[in-house]
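Student: One structure is given below, represented as structure tokens, and several questions about it will come after.
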Amino acid sequence: NCSSLHTVIIGDGVTTIGSSVWENCTSLKNLTIGKGVTNIGSFALSGCTAIEELYIPSIVASIGGGLCYSCTSLKTVVIGNGVTELPSISSSWVENGGSERYQRGCFEQCTSLTDVTLGSGLTNIGIDAFAGTKITSLLIPAKVSMINSGAFYNTPLTKLYFTGAAPVLSSNRFGSSSIPSMYKMAGKPGFEDTSYTFQDFTPITVTFSLNHNDVFAIQPSPQYLPPEGGFVIEPISPASEDYRFLGWYQDSQCTTRWNFQSNRVASDTTVYANWVRTGEAVPDAPSVITAVSASSNSVTIRWDAGTGATGYQVYVNGSLVTTSPVADTSYQITNLETDTTYEITVAAVNAAGVSAPSLVKVVSTTGRTMGDVN
């Protein structure tokens, strides 16, 4: 019920987000979940009517029922590969001396929700999971074995894509909605035993390349997307004994980072890993970033010099904004929007490579010429 709270960033040391943590925080719009969080409780974001995007990292193993119930501005949801179930939760209300129980789905009554990407670990889509949303197309991951009652009740769903064997389809899963066109990948079993007609389809395939012949690490599995395309889910970072992982990139030369919250794909795509030998003297990322000043469309930041660094790269919301490394330890970021919050990170560079990104610094532009800086 913190009605003025608008930005939350959870650090990587937090492992659990409890139930109803931000329930009815009606101004909450910007949420970043740290890469240490493994569990998110029920109703954690219920009634957050301003939030528009939710990205759940692949390290998260479970989320609670009613997670985003009635988040009426939520448009985009990306669920990482660690989540196995979209559960519902039983609630009750009392009126005139009597009580009634009902189920709340994870994204029920998110009336603006149109764009959903489900992770590969998902096995169960719970009761009323997407009831009352505006989704028109959804790809069902291969491990899903159960789609429960009311999962797509009262939605304009027109296309449903299945990448694994046919799951159990509970009664009333579409409710009053029209039945969507059904698609399956060729050769997958069980679809002949259902009451629906399925057409074969070819999904978009996203491949994660380790991009180094000497790196011995577990390569993330390919990701499937519907023919309409969509977001790529960031996998858990690979690890190698002799190399340090520096992130995912759009090109094999590792000049442009992949931004999992903004880069969409429309065709088969490869995402490339960047590595550096642990014994090589790659500089550490700057440890302290401060905001010096802010105006209506710019912010100036400063950071500590890194040992061995010959330059620095500046990122805004995960996208590189410096065309070449900055020699100084300060930088003015321009062409920003008024009264908007941004996440700033800085990486150090030298001849051996690029450091991992620094911790995030949150800054805000103002509606005035000068103003306070977060």
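We name chains A, B, ... following the order of the structure tokens; residues begin at 1 in each chain, and ligands are numbered from 1 as shown.
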Identify, on the basis of only C-alpha atoms, every residue whose closest approach to Ile179 of chain A does not exceed 8 Å; exclude the query and any residue fewer than 2 positions from it along the same chain; express the result as a list in words.
Tutor: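 Counting only the stated atoms, we get Leu157, Thr158, Phe174, Ser177 and Ser181 of chain A.
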Student: Near Leu31 of chain A, within 10 Å and counting only C-alpha atoms, which residues show up once chain neighbours fewer than 3 positions away are dropped, as a PDB file with N, CA, C and O atoms, in the first residue's frame?
Tutor:
ATOM      1  N   HIS A   6       7.668   4.232  -6.743  1.00  0.00           N
ATOM      2  CA  HIS A   6       7.640   4.033  -8.195  1.00  0.00           C
ATOM      3  C   HIS A   6       8.791   3.208  -8.744  1.00  0.00           C
ATOM      4  O   HIS A   6       8.712   2.719  -9.867  1.00  0.00           O
ATOM      5  N   THR A   7       9.899   3.033  -7.996  1.00  0.00           N
ATOM      6  CA  THR A   7      11.043   2.289  -8.506  1.00  0.00           C
ATOM      7  C   THR A   7      11.603   1.376  -7.422  1.00  0.00           C
ATOM      8  O   THR A   7      11.816   1.816  -6.294  1.00  0.00           O
ATOM      9  N   VAL A   8      11.855   0.113  -7.786  1.00  0.00           N
ATOM     10  CA  VAL A   8      12.471  -0.840  -6.863  1.00  0.00           C
ATOM     11  C   VAL A   8      13.546  -1.614  -7.615  1.00  0.00           C
ATOM     12  O   VAL A   8      13.290  -2.136  -8.703  1.00  0.00           O
ATOM     13  N   ILE A   9      14.744  -1.668  -7.038  1.00  0.00           N
ATOM     14  CA  ILE A   9      15.821  -2.506  -7.579  1.00  0.00           C
ATOM     15  C   ILE A   9      16.269  -3.454  -6.481  1.00  0.00           C
ATOM     16  O   ILE A   9      16.695  -3.021  -5.413  1.00  0.00           O
ATOM     17  N   ILE A  10      16.153  -4.756  -6.722  1.00  0.00           N
ATOM     18  CA  ILE A  10      16.543  -5.775  -5.753  1.00  0.00           C
ATOM     19  C   ILE A  10      17.956  -6.249  -6.090  1.00  0.00           C
ATOM     20  O   ILE A  10      18.209  -6.726  -7.201  1.00  0.00           O
ATOM     21  N   LEU A  28       3.982   1.908  -8.544  1.00  0.00           N
ATOM     22  CA  LEU A  28       5.179   1.136  -8.879  1.00  0.00           C
ATOM     23  C   LEU A  28       5.200   0.828 -10.370  1.00  0.00           C
ATOM     24  O   LEU A  28       4.320   0.148 -10.888  1.00  0.00           O
ATOM     25  N   GLY A  34      16.883  -8.927  -8.702  1.00  0.00           N
ATOM     26  CA  GLY A  34      18.277  -9.362  -8.698  1.00  0.00           C
ATOM     27  C   GLY A  34      18.452 -10.808  -9.106  1.00  0.00           C
ATOM     28  O   GLY A  34      17.524 -11.620  -9.028  1.00  0.00           O
ATOM     29  N   ILE A  51       2.565  -0.744 -13.186  1.00  0.00           N
ATOM     30  CA  ILE A  51       3.682  -1.502 -13.757  1.00  0.00           C
ATOM     31  C   ILE A  51       3.302  -1.992 -15.152  1.00  0.00           C
ATOM     32  O   ILE A  51       2.188  -2.460 -15.385  1.00  0.00           O
ATOM     33  N   GLU A  52       4.241  -1.855 -16.110  1.00  0.00           N
ATOM     34  CA  GLU A  52       3.973  -2.202 -17.501  1.00  0.00           C
ATOM     35  C   GLU A  52       4.796  -3.389 -17.990  1.00  0.00           C
ATOM     36  O   GLU A  52       4.407  -4.037 -18.965  1.00  0.00           O
ATOM     37  N   GLU A  53       5.924  -3.656 -17.349  1.00  0.00           N
ATOM     38  CA  GLU A  53       6.806  -4.743 -17.794  1.00  0.00           C
ATOM     39  C   GLU A  53       7.285  -5.542 -16.592  1.00  0.00           C
ATOM     40  O   GLU A  53       7.567  -4.967 -15.533  1.00  0.00           O
ATOM     41  N   LEU A  54       7.388  -6.861 -16.751  1.00  0.00           N
ATOM     42  CA  LEU A  54       7.909  -7.722 -15.693  1.00  0.00           C
ATOM     43  C   LEU A  54       8.838  -8.756 -16.315  1.00  0.00           C
ATOM     44  O   LEU A  54       8.436  -9.518 -17.201  1.00  0.00           O
ATOM     45  N   TYR A  55      10.091  -8.760 -15.840  1.00  0.00           N
ATOM     46  CA  TYR A  55      11.089  -9.716 -16.305  1.00  0.00           C
ATOM     47  C   TYR A  55      11.549 -10.541 -15.110  1.00  0.00           C
ATOM     48  O   TYR A  55      12.140 -10.000 -14.172  1.00  0.00           O
TER      49      TYR A  55
END
Student: Give the answer as one residue: which of A:Val232, A:Val37, A:Ala309, A:Val168 has the shortest atom-to-atom distance to Val326 of chain A, using only C-alpha atoms?
Tutor: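 Ranked by minimum distance to Val326 of chain A, first place goes to A:Ala309.
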Student: For the atom pair atom CA of Ser358 of chain A and atom CA of Thr345 of chain A, what is the interatomic distance in Å to one decimal place?
Tutor: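 The value is 5.4 Å.
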Student: List every residue of segment 74-271 of chain A that DSSP, applied to the backbone of this structure, places in strand (DSSP E), and write the result as a VMD selection string.
Tutor: chain A and resid 76 to 79 85 to 86 89 to 95 98 to 104 115 to 117 124 to 125 137 to 140 146 to 147 159 to 162 168 to 169 181 to 184 198 to 200 204 to 209 223 to 225 230 to 231 243 to 249 264 to 265 269 to 271
Student: I need the residue nearest Val271 of chain A from this list: A:Ile125, A:Cys254, A:Ile135, A:Ile147. Use only C-alpha atoms for the distance.
Tutor: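 Answer, going by the shortest atom-to-atom distance: A:Cys254.
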Student: Go through A:Val60, A:Ala217, A:Leu359, A:Leu74 one by one, measure the shortest atom-to-atom distance of each to Thr38 of chain A using only C-alpha atoms, and give the residue with the smallest value.
Tutor: A:Val60
Student: If I take atom CA of Pro220 of chain A and atom CA of Ser62 of chain A, how far is one from the other in Å, to one decimal?
Tutor: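 Going from atom CA of Pro220 of chain A over to atom CA of Ser62 of chain A covers 20.1 Å.
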Student: What's the separation between atom CA of Asp200 of chain A and atom CA of Ile140 of chain A, in Å to one decimal place?
Tutor: 14.1 Å
Student: So which one's closest to Gly175 of chain A, A:Leu320, A:Ala291, A:Val116, A:Ala151? Using only C-alpha atoms, please.
Tutor: A:Ala151
Student: Go through A:Asn297, A:Thr256, A:Asn274, A:Ser88 one by one, measure the shortest atom-to-atom distance of each to Phe208 of chain A using only C-alpha atoms, and give the residue with the smallest value.
Tutor: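 Closest residue, counting only C-alpha atoms: A:Asn274.
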Student: Taking only C-alpha atoms into account, which of A:Ala166, A:Ala186, A:Ile63, A:Ala266 comes nearest Thr205 of chain A?
Tutor: A:Ala266
